[in-house]
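Single-structure report; data block below.
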Protein chains: 4
Amino acid sequence: MGGNTFGDLFRVTTFGESHGKAIGVVIDGCPAGLPIDEFFIQEELDRRKPGQSAIVTQRKESDIVHIQSGVFEGKTTGTPISMVIYNADAKSKDYAHIADKYRPSHADYTYDTKYGHRDYRGGGRSSARETASRVAAGAVAKLLLKQIGVDIKAFVSQVGNIQLPYPSSLIDFGVIEKNPVRCANMDVAGKMEQLIKEVKKQGDTIGGVVTCVIDNCPAGWGEPVFDRLHADLGKAVLSINACKGFEYGSGFNGVEMRGSEHNDIFYNDNGQIRTKTNYSGGIQGGISNGMPIYFRAAFKPVATIIPAQASVDRNGNDTIITGKGRHDPCVVPRAVPIVEAMAALVLTDHWMKSKGQSLF
Amino acid sequence: MGGNTFGDLFRVTTFGESHGKAIGVVIDGCPAGLPIDEFFIQEELDRRKPGQSAIVTQRKESDIVHIQSGVFEGKTTGTPISMVIYNADAKSKDYAHIADKYRPSHADYTYDTKYGHRDYRGGGRSSARETASRVAAGAVAKLLLKQIGVDIKAFVSQVGNIQLPYPSSLIDFGVIEKNPVRCANMDVAGKMEQLIKEVKKQGDTIGGVVTCVIDNCPAGWGEPVFDRLHADLGKAVLSINACKGFEYGSGFNGVEMRGSEHNDIFYNDNGQIRTKTNYSGGIQGGISNGMPIYFRAAFKPVATIIPAQASVDRNGNDTIITGKGRHDPCVVPRAVPIVEAMAALVLTDHWMKSKGQSLF
Amino acid sequence: MGGNTFGDLFRVTTFGESHGKAIGVVIDGCPAGLPIDEFFIQEELDRRKPGQSAIVTQRKESDIVHIQSGVFEGKTTGTPISMVIYNADAKSKDYAHIADKYRPSHADYTYDTKYGHRDYRGGGRSSARETASRVAAGAVAKLLLKQIGVDIKAFVSQVGNIQLPYPSSLIDFGVIEKNPVRCANMDVAGKMEQLIKEVKKQGDTIGGVVTCVIDNCPAGWGEPVFDRLHADLGKAVLSINACKGFEYGSGFNGVEMRGSEHNDIFYNDNGQIRTKTNYSGGIQGGISNGMPIYFRAAFKPVATIIPAQASVDRNGNDTIITGKGRHDPCVVPRAVPIVEAMAALVLTDHWMKSKGQSLF
Amino acid sequence: MGGNTFGDLFRVTTFGESHGKAIGVVIDGCPAGLPIDEFFIQEELDRRKPGQSAIVTQRKESDIVHIQSGVFEGKTTGTPISMVIYNADAKSKDYAHIADKYRPSHADYTYDTKYGHRDYRGGGRSSARETASRVAAGAVAKLLLKQIGVDIKAFVSQVGNIQLPYPSSLIDFGVIEKNPVRCANMDVAGKMEQLIKEVKKQGDTIGGVVTCVIDNCPAGWGEPVFDRLHADLGKAVLSINACKGFEYGSGFNGVEMRGSEHNDIFYNDNGQIRTKTNYSGGIQGGISNGMPIYFRAAFKPVATIIPAQASVDRNGNDTIITGKGRHDPCVVPRAVPIVEAMAALVLTDHWMKSKGQSLF
């Protein structure tokens, strides 16, 4: 129980450090008989990998996934699916000069405090490289969800102060993968890209927001009380590196509304019960109601910057942190597939619970 | 695994419906030898109970807690602590007329979809009455945390569009319990109270925000990857009825900042490592860093309002929901102790994990 | 995580001390819509309660179960089912004279070592009285299993050296509840009863074995590797007070057999695959194969005896333990419903997992 | 939750099929700062691997362990420790001819029933090859336990009807690794070896018993009620392939004893409380009492034999299973390190829980 496992029935455990031999994941509990499209899993990883465009880190990792178990003759066997990604340039780097220094707003100090020592190479376990394992597991969850049509798509809805609200007529899900920002509108994407490039030029970084929309989620998924669907989505997303906030449906804006305008009125839509508005974000009482689920995740500016920063070392002495050449100026374009993956893990787990709880 | 259990080592299971015989909680895993101050537990429940002031529901529930097990000669025994609260007016109410109707933005429809039938009396299990059990459990967690000085205090920081930001020189924790809104500033509290009364007069409701600050949390609590301290706090708080959003540290505002201004610079404060700013909200890499932890929770306007609303019944026929006389016009004053309780549960659980993981 | 919770999907948490206010149980995860026969639950408790016959303890506890939540209009709602049993003579007893003494082969010393102090009244939490809560939960599990015909029956197969082997033509399940020993053969039951009475006359106690047979369990329940069906049954049964051993199928006797005689040969029985022998005990590779499941549980002689015994007190001083008047001379007659209850909990949990893991 | 994870705080997940690419394990929750002796881990694996002597299978697997994460500069980091063992001759075998046949007393039929299809090569996930992963994880647990002197040793105490009882003056723990049977007495070992060779010559197999003794376990480990130390040991051991029974302390023999002889009398041994006899097996009320813990595990004869056997195929047609040349005639010599590993996992988990539950 070291915090590296997620989910109850569809249970995912990730392992590996940024510059160790490998990172990877074990999925325990995946239903048997699911056809596994390895190409799709690799595609998902490719959406997250470094070096895709000019506005993400230029680090070189090919992030090739290797399935080691749990799949036979193209289908899942019901036994653990382990997937591994070898770290390409694990040996070449020398991080010794920062081994004793605490980079501002990184996990160096807290890891040292908690564990007594740490793998300081590239952030070790605290590196966002870990999320590649989540994307691989999430791809399997997506394959499961596709079988019943659940559709998860995320996009960048804010970079700095440039926003694309949801819902909005400006949104075109079809363009998300057609711009390097992964924004759902080409014009807004252009402005965001411009801002990221300016920030990068200054050796600085900037934050952003990812919005995720889930269509065709059946009504009835989620548990009451503690394991509400949105609470599990919240935990899942907040566990992604650099995430500082989560809101679903009306979120923080709903605070300023009156109940009389916020309440979603039910109506009968040709035999299907729907709501006229969807401030509930597709979830009521912690359980999906069949309307689109949507939520927003806030990401802070990346902590690694070029300008020198004051800090202390592990002995409490003053020191200076000097910037590295390669880092993400803005994390959200690469966070999009990670957010989707975490949402897929949560939905799959709740789907399985829902089946397990049925009387017959 | 029906979603009614929270925590891994300090494990809390709540039970009971709003108008059943009783609600209650079982805590499994509480360390032995803790002196139990029953008066304190009751005080915490009194902060949450209905009928405290003119701006909360006038329902009558005395919410007296009865400890049934796990405490002997005034101290915990290490065995399960069960606490029960009997429902005072459980039998008198007649909810039959709404048994088949789906109240807008309540859990009626989703419970029916998930479970096939539901205890419709007062919302049954989906009622916020369930949170009384959490407050009782949280009070025990607070007693544990007090032993090492961890101090959790929440306050109302927004009602509608009236805000009290944190951090701010306006904040005075000493006045929180001195005004019915539980705001940390008497002037702002007055404005909030005024707004709530106006909204109430219209039979309407309004949302709000609760901010929680945790002082003296040792560095080193929390797990990397999935069980980050803030992710668990997020899930805990999002699981409270009507909560729509969670952010910690810089939160959604941090999105617009540059890394160079957002990074918290470490310095040596007479032998203790601290940061000059605290946009991290006391948590880095998912682990507490010894600075104050703070977060905000958004609550939507209460769904129960006086004006009639259109809806459907379980057969899909159009119907009208007519308002009840007694409900909370704004949930946040009573949400304050609930937010504190959930934070206490999370911190206690992580404290215990931290001890369990130590090498000796 | 104090060890008081059992099961993953059908999750049972018991609470309460022998002489506290009450004992009870919360079931989280029970499917909704199950008709609850309260009379059946009470009947199961009556099979376990003290004072049923001359060969069990003459203590007076009526053990009336009260359902506090989770059942509405006669059916489960899918929310936690809490049941409580009030302790009738909780206040009258005075156990102060043994508060500091360690009774041989009881849990007094280990509880004091683990917890620092303990509720010494009647053994507190370590009392077998706790198993009443398990029987109540097991009764709900049995109601679930009955819906698909799974039939669990246990009987006393050994007292001291008097045995009734299974399988055997001597076995008549119909007579189990017709003799106070709960043996599946009236002649053998008579001899067992005679032995228990002799032992009792001497103020002594004796051990026994309970055999459990599960018919109509579908093939395919159970998990590979750690959560094998028999491993979970083993843990469940070994967790019952006084249980010292568990074996299934050929068990310890199988050790002396050759593979060529032990292997169960498959054949096609009119379209159903069955085995000619059943040394596997209905479980292969940890998964049920559709044949009867059977196992044996060994119970030691009760530790409470009449003759005085040497011991030490908590200060390490020599002391004498003097016997009490009322205790069970042999635990197995009352253990029969407990063993059945634990088996029912395990099977229900695996049934639910099996459903949760299905692809659709 | 597919049954491939063991433990709560020291949580072990194994993966991999007998003839897939690799098998392995991830440990989540191992305390940081533990020096890792890779040579010791390999030694433990070597005790389990095939081909060690004339009385075990002659299959060729070198079982070299590779640590992929969680260890840095020779010490654990507190992050997941993943270890992998590549399958040497995974590709060369052709098992297609048994793909549709159900070998008697193997898991072929139950896997097909549960999962719909299975990796039939060498038993896939149901192969005892999986236990190599457990031995690797158990070796890490042993390294932890060694830090405080907990000493776990198992030995073969029965093969067929040849027995070596415990406790007994015949036992010499020093000779266990000096004979191929892993018996704790050279004379008895010789007889056991002779029997195994005879059985092997006939192409047959035979069962056996492994006894495990744990010295220097501190008093106070284990939980009351469900997670009793012996119940968790029981589950752990029963989850090993071919295990049919578990007993601790007096076990099934205790059934025939009177309470007056079975009770273990406490005395003060120079300031330490001990018992004169140890029928309790070092555990009372589910919690260790500081005396040696001991238990016995029954293993059935291996199901793979040389003579042809009748069976059915997956279509229900009669078929014949013909024997393979290489298999273990008796499983217990290689089961010894597996039993130790599982015991180590249980003890480590309970040690960590014990620390987590302490008040300070």
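Ligands are numbered from 1 in the order shown, chains are lettered A, B, ... in the order of the structure tokens, and residues start at 1 in each chain.
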
With a distance cut-off of 9 Å and only C-alpha atoms, select the neighbouring residues of Leu195 of chain A, excluding the residue or stretch itself and same-chain residues fewer than 6 positions from it, and output the selection as an NGL selection string. :A and (159-160 or 162 or 206)

Can you list, as a VMD selection string, every protein, DNA or RNA residue that comes within 10 Å of Glu261 of chain B when you count only C-alpha atoms, leaving out same-chain residues fewer than 2 positions away? (chain A and resid 204 to 206 301 303) or (chain B and resid 254 257 to 259 263 to 265 277 279)

Point out the residue among C:Ile306, C:Ala344, C:Met1, C:Val336 with the least atom-to-atom distance to Thr322 of chain C, counting only C-alpha atoms.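 Checking each of C:Ile306, C:Ala344, C:Met1, C:Val336 against Thr322 of chain C, counting only C-alpha atoms, the winner is C:Ile306.
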
Who sits within 12 Å of Asn317 of chain B, only C-alpha atoms, same chain under 2 positions skipped, as a ChimeraX atom specification: /A:266-273 /B:100-102,310-315,319-320

Dump as a JSON list (two decimals), in the first residue's frame, selection limited to N, CA and C atoms:
[["chain", "number", "residue", "atom", "x", "y", "z"],
["A", 266, "PHE", "N", -35.84, 17.30, -15.40],
["A", 266, "PHE", "CA", -36.01, 16.03, -16.13],
["A", 266, "PHE", "C", -37.13, 16.16, -17.16],
["A", 267, "TYR", "N", -36.94, 15.47, -18.27],
["A", 267, "TYR", "CA", -38.05, 15.34, -19.22],
["A", 267, "TYR", "C", -37.91, 14.00, -19.94],
["A", 268, "ASN", "N", -39.00, 13.62, -20.57],
["A", 268, "ASN", "CA", -39.05, 12.34, -21.25],
["A", 268, "ASN", "C", -38.74, 12.56, -22.73],
["A", 269, "ASP", "N", -37.59, 12.10, -23.15],
["A", 269, "ASP", "CA", -37.13, 12.31, -24.52],
["A", 269, "ASP", "C", -37.36, 11.02, -25.31],
["A", 270, "ASN", "N", -38.60, 10.87, -25.76],
["A", 270, "ASN", "CA", -38.95, 9.67, -26.53],
["A", 270, "ASN", "C", -38.60, 8.38, -25.79],
["A", 271, "GLY", "N", -38.99, 8.35, -24.53],
["A", 271, "GLY", "CA", -38.81, 7.12, -23.76],
["A", 271, "GLY", "C", -37.55, 7.10, -22.93],
["A", 272, "GLN", "N", -36.67, 8.06, -23.17],
["A", 272, "GLN", "CA", -35.47, 8.12, -22.36],
["A", 272, "GLN", "C", -35.52, 9.35, -21.47],
["A", 273, "ILE", "N", -35.25, 9.14, -20.18],
["A", 273, "ILE", "CA", -35.27, 10.28, -19.26],
["A", 273, "ILE", "C", -33.97, 11.05, -19.39],
["B", 100, "ASP", "N", -42.62, 8.12, -6.26],
["B", 100, "ASP", "CA", -42.44, 7.79, -7.68],
["B", 100, "ASP", "C", -41.93, 8.96, -8.51],
["B", 101, "LYS", "N", -41.69, 10.10, -7.85],
["B", 101, "LYS", "CA", -41.28, 11.28, -8.61],
["B", 101, "LYS", "C", -39.77, 11.50, -8.50],
["B", 102, "TYR", "N", -39.23, 12.05, -9.55],
["B", 102, "TYR", "CA", -37.79, 12.34, -9.55],
["B", 102, "TYR", "C", -37.56, 13.83, -9.33],
["B", 310, "ALA", "N", -41.05, 21.41, -12.86],
["B", 310, "ALA", "CA", -41.47, 20.31, -13.72],
["B", 310, "ALA", "C", -40.50, 19.15, -13.56],
["B", 311, "SER", "N", -41.03, 17.92, -13.73],
["B", 311, "SER", "CA", -40.16, 16.75, -13.70],
["B", 311, "SER", "C", -40.91, 15.57, -14.32],
["B", 312, "VAL", "N", -40.36, 14.38, -14.13],
["B", 312, "VAL", "CA", -41.05, 13.16, -14.59],
["B", 312, "VAL", "C", -41.12, 12.20, -13.41],
["B", 313, "ASP", "N", -42.03, 11.24, -13.52],
["B", 313, "ASP", "CA", -42.07, 10.19, -12.50],
["B", 313, "ASP", "C", -41.40, 8.93, -13.05],
["B", 314, "ARG", "N", -41.39, 7.88, -12.28],
["B", 314, "ARG", "CA", -40.61, 6.70, -12.69],
["B", 314, "ARG", "C", -41.19, 6.00, -13.91],
["B", 315, "ASN", "N", -42.41, 6.36, -14.27],
["B", 315, "ASN", "CA", -42.97, 5.80, -15.50],
["B", 315, "ASN", "C", -42.73, 6.71, -16.70],
["B", 319, "THR", "N", -44.70, 15.41, -14.43],
["B", 319, "THR", "CA", -45.24, 15.64, -13.09],
["B", 319, "THR", "C", -44.69, 16.96, -12.58],
["B", 320, "ILE", "N", -45.19, 17.38, -11.41],
["B", 320, "ILE", "CA", -44.74, 18.64, -10.80],
["B", 320, "ILE", "C", -44.20, 18.33, -9.41]]

Residues of chain D at most 12 Å from chain B: nearest atom pair and distance in Å, only C-alpha atoms, as a tab-separated table:
residue	atom	partner	partner_atom	distance
D:Met1	CA	B:Met1	CA	11.8
D:Asp8	CA	B:Asp8	CA	8.8
D:Leu9	CA	B:Gly356	CA	7.5
D:Phe10	CA	B:Gln357	CA	8.7
D:Arg11	CA	B:Gln357	CA	11.7
D:Asp28	CA	B:Gln357	CA	10.6
D:Gly29	CA	B:Gln357	CA	6.9
D:Cys30	CA	B:Gln357	CA	7.0
D:Pro31	CA	B:Gln357	CA	4.9
D:Ala32	CA	B:Leu359	CA	6.7
D:Gly33	CA	B:Leu359	CA	7.1
D:Leu34	CA	B:Leu359	CA	7.3
D:Pro35	CA	B:Leu359	CA	10.9
D:Lys75	CA	B:Leu359	CA	11.8
D:Thr76	CA	B:Leu359	CA	10.4
D:Thr77	CA	B:Leu359	CA	11.3
D:Gly78	CA	B:Gln357	CA	8.2
D:Thr79	CA	B:Pro224	CA	8.2
D:Pro80	CA	B:Pro224	CA	10.4
D:Ala141	CA	B:Leu359	CA	11.9
D:Leu143	CA	B:Leu359	CA	11.4
D:Leu144	CA	B:Leu359	CA	8.1
D:Leu145	CA	B:Leu359	CA	10.3
D:Lys146	CA	B:Phe360	CA	11.9
D:Gln147	CA	B:Phe360	CA	8.8
D:Ile148	CA	B:Phe360	CA	8.7
D:Glu223	CA	B:Thr79	CA	9.4
D:Pro224	CA	B:Thr79	CA	8.2
D:Val225	CA	B:Thr79	CA	9.5
D:Phe226	CA	B:Asp28	CA	12.0
D:Asp227	CA	B:Gly29	CA	12.0
D:Thr348	CA	B:Gly356	CA	10.4
D:Asp349	CA	B:Gly356	CA	9.2
D:His350	CA	B:Gly356	CA	9.6
D:Trp351	CA	B:Gly356	CA	8.0
D:Met352	CA	B:Gly356	CA	4.6
D:Lys353	CA	B:Gly356	CA	5.8
D:Ser354	CA	B:Gly356	CA	7.2
D:Lys355	CA	B:Gly356	CA	4.8
D:Gly356	CA	B:Gly356	CA	3.8
D:Gln357	CA	B:Pro31	CA	4.9
D:Ser358	CA	B:Pro31	CA	5.8
D:Leu359	CA	B:Pro31	CA	5.4
D:Phe360	CA	B:Lys355	CA	8.3

Limited to N, CA and C atoms, could you put the picked residues into a file as a compact mmCIF listing (two decimals), in the first residue's frame?
# COMPACT_ATOMS: atom_id res chain seq x y z
N MET D 1 -8.81 -6.77 -9.23
CA MET D 1 -9.09 -7.77 -8.19
C MET D 1 -9.27 -9.15 -8.81
N ASP D 8 -1.66 -6.29 2.44
CA ASP D 8 -2.31 -4.99 2.52
C ASP D 8 -1.28 -3.86 2.51
N LEU D 9 -0.31 -3.90 3.40
CA LEU D 9 0.70 -2.84 3.44
C LEU D 9 1.93 -3.22 2.63
N PHE D 10 2.37 -4.44 2.77
CA PHE D 10 3.44 -4.98 1.93
C PHE D 10 2.72 -5.77 0.85
N ARG D 11 2.44 -5.09 -0.24
CA ARG D 11 1.49 -5.62 -1.23
C ARG D 11 2.21 -6.16 -2.45
N ASP D 28 4.58 -3.33 -3.74
CA ASP D 28 4.26 -1.94 -3.43
C ASP D 28 4.14 -1.80 -1.92
N GLY D 29 4.89 -0.89 -1.35
CA GLY D 29 4.79 -0.63 0.08
C GLY D 29 6.01 -1.05 0.88
N CYS D 30 7.03 -1.55 0.23
CA CYS D 30 8.24 -1.94 0.97
C CYS D 30 8.88 -0.69 1.58
N PRO D 31 9.17 -0.72 2.87
CA PRO D 31 9.84 0.43 3.50
C PRO D 31 11.11 0.82 2.76
N ALA D 32 11.40 2.12 2.78
CA ALA D 32 12.61 2.64 2.14
C ALA D 32 13.82 2.42 3.04
N GLY D 33 14.97 2.33 2.41
CA GLY D 33 16.22 2.27 3.16
C GLY D 33 16.70 0.88 3.49
N LEU D 34 15.97 -0.14 3.02
CA LEU D 34 16.41 -1.51 3.27
C LEU D 34 17.51 -1.90 2.30
N PRO D 35 18.67 -2.31 2.80
CA PRO D 35 19.72 -2.79 1.89
C PRO D 35 19.24 -4.06 1.18
N LYS D 75 19.81 0.22 -2.01
CA LYS D 75 18.77 0.26 -0.98
C LYS D 75 17.40 0.50 -1.60
N THR D 76 16.38 0.01 -0.93
CA THR D 76 15.02 0.26 -1.42
C THR D 76 14.72 1.76 -1.31
N THR D 77 13.91 2.24 -2.25
CA THR D 77 13.57 3.67 -2.26
C THR D 77 12.18 3.94 -1.69
N GLY D 78 11.43 2.88 -1.39
CA GLY D 78 10.05 3.06 -0.93
C GLY D 78 9.06 3.02 -2.08
N THR D 79 9.57 3.03 -3.30
CA THR D 79 8.71 2.95 -4.48
C THR D 79 8.64 1.48 -4.94
N PRO D 80 7.74 1.17 -5.87
CA PRO D 80 7.53 -0.24 -6.20
C PRO D 80 8.80 -0.96 -6.67
N ALA D 141 10.96 -9.71 1.73
CA ALA D 141 10.32 -9.71 3.06
C ALA D 141 11.25 -10.32 4.10
N LEU D 143 14.47 -10.25 4.06
CA LEU D 143 15.52 -9.26 4.37
C LEU D 143 15.02 -8.24 5.39
N LEU D 144 13.76 -7.87 5.26
CA LEU D 144 13.17 -6.96 6.26
C LEU D 144 13.12 -7.62 7.63
N LEU D 145 12.61 -8.83 7.67
CA LEU D 145 12.41 -9.52 8.95
C LEU D 145 13.73 -9.83 9.64
N LYS D 146 14.75 -10.07 8.83
CA LYS D 146 16.07 -10.35 9.41
C LYS D 146 16.58 -9.18 10.25
N GLN D 147 16.16 -7.99 9.88
CA GLN D 147 16.63 -6.80 10.61
C GLN D 147 16.25 -6.86 12.08
N ILE D 148 15.18 -7.57 12.40
CA ILE D 148 14.82 -7.70 13.81
C ILE D 148 14.89 -9.15 14.28
N GLU D 223 -4.10 -9.62 13.89
CA GLU D 223 -5.30 -8.86 14.19
C GLU D 223 -6.36 -9.79 14.76
N PRO D 224 -7.24 -9.27 15.55
CA PRO D 224 -8.33 -10.11 16.03
C PRO D 224 -9.34 -10.36 14.91
N VAL D 225 -10.28 -11.21 15.15
CA VAL D 225 -11.43 -11.47 14.30
C VAL D 225 -10.97 -12.04 12.94
N PHE D 226 -11.09 -11.33 11.83
CA PHE D 226 -10.91 -11.99 10.53
C PHE D 226 -9.44 -12.15 10.14
N ASP D 227 -8.64 -11.16 10.43
CA ASP D 227 -7.25 -11.19 9.97
C ASP D 227 -6.31 -11.74 11.05
N THR D 348 5.57 -9.89 7.46
CA THR D 348 5.95 -8.52 7.14
C THR D 348 4.73 -7.61 7.10
N ASP D 349 3.67 -8.10 6.48
CA ASP D 349 2.44 -7.30 6.41
C ASP D 349 1.90 -7.01 7.81
N HIS D 350 1.90 -7.99 8.67
CA HIS D 350 1.38 -7.78 10.02
C HIS D 350 2.32 -6.92 10.86
N TRP D 351 3.58 -7.03 10.60
CA TRP D 351 4.54 -6.15 11.30
C TRP D 351 4.23 -4.69 10.95
N MET D 352 4.06 -4.45 9.66
CA MET D 352 3.77 -3.09 9.21
C MET D 352 2.45 -2.59 9.77
N LYS D 353 1.44 -3.44 9.79
CA LYS D 353 0.16 -3.04 10.39
C LYS D 353 0.35 -2.68 11.85
N SER D 354 1.10 -3.50 12.52
CA SER D 354 1.35 -3.27 13.94
C SER D 354 1.98 -1.90 14.16
N LYS D 355 2.94 -1.55 13.31
CA LYS D 355 3.56 -0.22 13.44
C LYS D 355 2.55 0.88 13.11
N GLY D 356 1.76 0.64 12.06
CA GLY D 356 0.79 1.66 11.64
C GLY D 356 -0.25 1.95 12.72
N GLN D 357 -0.56 0.93 13.51
CA GLN D 357 -1.61 1.09 14.52
C GLN D 357 -1.10 1.65 15.85
N SER D 358 0.20 1.76 16.00
CA SER D 358 0.70 2.24 17.29
C SER D 358 0.29 3.70 17.47
N LEU D 359 0.05 4.09 18.71
CA LEU D 359 -0.50 5.43 18.96
C LEU D 359 0.51 6.50 18.57
N PHE D 360 1.78 6.22 18.77
CA PHE D 360 2.81 7.21 18.37
C PHE D 360 3.92 6.53 17.56

Report as a PDB file with N, CA, C and O atoms, in the first residue's frame all protein, DNA and RNA residues lying within 7 Å of Val209 of chain D, evaluated on only C-alpha atoms, omitting residues in the same chain fewer than 5 positions from it.
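As written to disk, out.pdb reads:
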ATOM      1  N   VAL C 255      -1.933 -36.729   1.279  1.00  0.00           N
ATOM      2  CA  VAL C 255      -0.472 -36.755   1.308  1.00  0.00           C
ATOM      3  C   VAL C 255       0.081 -38.155   1.062  1.00  0.00           C
ATOM      4  O   VAL C 255       1.133 -38.325   0.447  1.00  0.00           O
TER       5      VAL C 255
ATOM      6  N   VAL D 156      10.702 -30.440   4.978  1.00  0.00           N
ATOM      7  CA  VAL D 156       9.768 -31.502   4.615  1.00  0.00           C
ATOM      8  C   VAL D 156       9.620 -32.430   5.816  1.00  0.00           C
ATOM      9  O   VAL D 156      10.602 -33.000   6.298  1.00  0.00           O
ATOM     10  N   SER D 157       8.390 -32.550   6.320  1.00  0.00           N
ATOM     11  CA  SER D 157       8.160 -33.367   7.511  1.00  0.00           C
ATOM     12  C   SER D 157       7.396 -34.651   7.192  1.00  0.00           C
ATOM     13  O   SER D 157       7.185 -35.482   8.073  1.00  0.00           O
ATOM     14  N   GLN D 158       6.987 -34.788   5.942  1.00  0.00           N
ATOM     15  CA  GLN D 158       6.312 -36.031   5.560  1.00  0.00           C
ATOM     16  C   GLN D 158       6.371 -36.196   4.046  1.00  0.00           C
ATOM     17  O   GLN D 158       6.210 -35.223   3.297  1.00  0.00           O
ATOM     18  N   VAL D 159       6.649 -37.441   3.619  1.00  0.00           N
ATOM     19  CA  VAL D 159       6.505 -37.829   2.212  1.00  0.00           C
ATOM     20  C   VAL D 159       5.777 -39.160   2.232  1.00  0.00           C
ATOM     21  O   VAL D 159       6.240 -40.102   2.901  1.00  0.00           O
ATOM     22  N   ARG D 296       1.781 -26.676   9.687  1.00  0.00           N
ATOM     23  CA  ARG D 296       2.012 -27.737   8.708  1.00  0.00           C
ATOM     24  C   ARG D 296       1.136 -27.509   7.482  1.00  0.00           C
ATOM     25  O   ARG D 296      -0.025 -27.113   7.612  1.00  0.00           O
ATOM     26  N   ALA D 297       1.677 -27.804   6.319  1.00  0.00           N
ATOM     27  CA  ALA D 297       0.939 -27.641   5.071  1.00  0.00           C
ATOM     28  C   ALA D 297       0.968 -28.948   4.287  1.00  0.00           C
ATOM     29  O   ALA D 297       2.041 -29.497   4.028  1.00  0.00           O
ATOM     30  N   ALA D 298      -0.219 -29.445   3.932  1.00  0.00           N
ATOM     31  CA  ALA D 298      -0.339 -30.721   3.195  1.00  0.00           C
ATOM     32  C   ALA D 298      -0.336 -30.464   1.692  1.00  0.00           C
ATOM     33  O   ALA D 298      -1.066 -29.598   1.213  1.00  0.00           O
ATOM     34  N   PHE D 299       0.476 -31.219   0.993  1.00  0.00           N
ATOM     35  CA  PHE D 299       0.518 -31.126  -0.472  1.00  0.00           C
ATOM     36  C   PHE D 299       0.107 -32.455  -1.085  1.00  0.00           C
ATOM     37  O   PHE D 299       0.617 -33.504  -0.720  1.00  0.00           O
ATOM     38  N   VAL D 332       7.090 -31.433  -2.531  1.00  0.00           N
ATOM     39  CA  VAL D 332       7.470 -30.776  -1.282  1.00  0.00           C
ATOM     40  C   VAL D 332       8.909 -30.270  -1.198  1.00  0.00           C
ATOM     41  O   VAL D 332       9.137 -29.218  -0.593  1.00  0.00           O
TER      42      VAL D 332
END

All strand (DSSP E or B) residues (DSSP, backbone) inside segment 102-334 of chain B, as a ChimeraX atom specification: /B:151-159,162-163,183,206,208-215,243-248,258,266-269,272-275,283-284,287-288,293-299,309-313,318-321

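Summary of the local environment: counting only C-alpha atoms, residues at most 6 Å from Val84 of chain D, other than itself and those fewer than 5 positions away along its chain, are Ile23, Gly24, Val65 and His66 of chain D.
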
Can you write just those residues out, N, CA and C atoms, as a PDB file, in the first residue's frame?
ATOM      1  N   ILE D  23       7.808 -14.027 -16.235  1.00  0.00           N
ATOM      2  CA  ILE D  23       6.987 -13.924 -15.036  1.00  0.00           C
ATOM      3  C   ILE D  23       7.643 -12.864 -14.160  1.00  0.00           C
ATOM      4  N   GLY D  24       6.906 -12.388 -13.179  1.00  0.00           N
ATOM      5  CA  GLY D  24       7.495 -11.363 -12.330  1.00  0.00           C
ATOM      6  C   GLY D  24       6.576 -10.938 -11.223  1.00  0.00           C
ATOM      7  N   VAL D  65      16.826 -13.548 -11.651  1.00  0.00           N
ATOM      8  CA  VAL D  65      15.958 -12.425 -11.314  1.00  0.00           C
ATOM      9  C   VAL D  65      16.610 -11.116 -11.745  1.00  0.00           C
ATOM     10  N   HIS D  66      15.789 -10.223 -12.301  1.00  0.00           N
ATOM     11  CA  HIS D  66      16.236  -8.882 -12.690  1.00  0.00           C
ATOM     12  C   HIS D  66      15.395  -7.858 -11.942  1.00  0.00           C
TER      13      HIS D  66
END

Best match for closeness to Gly124 of chain D among D:Gly222, D:Pro329, D:Gly51, D:Gly16, counting only C-alpha atoms: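 Closest residue, counting only C-alpha atoms: D:Gly16.
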
Residues at most 12 Å from Leu170 of chain B, counting only C-alpha atoms, excluding those fewer than 5 positions away in the same chain, as a count of residues only? 12
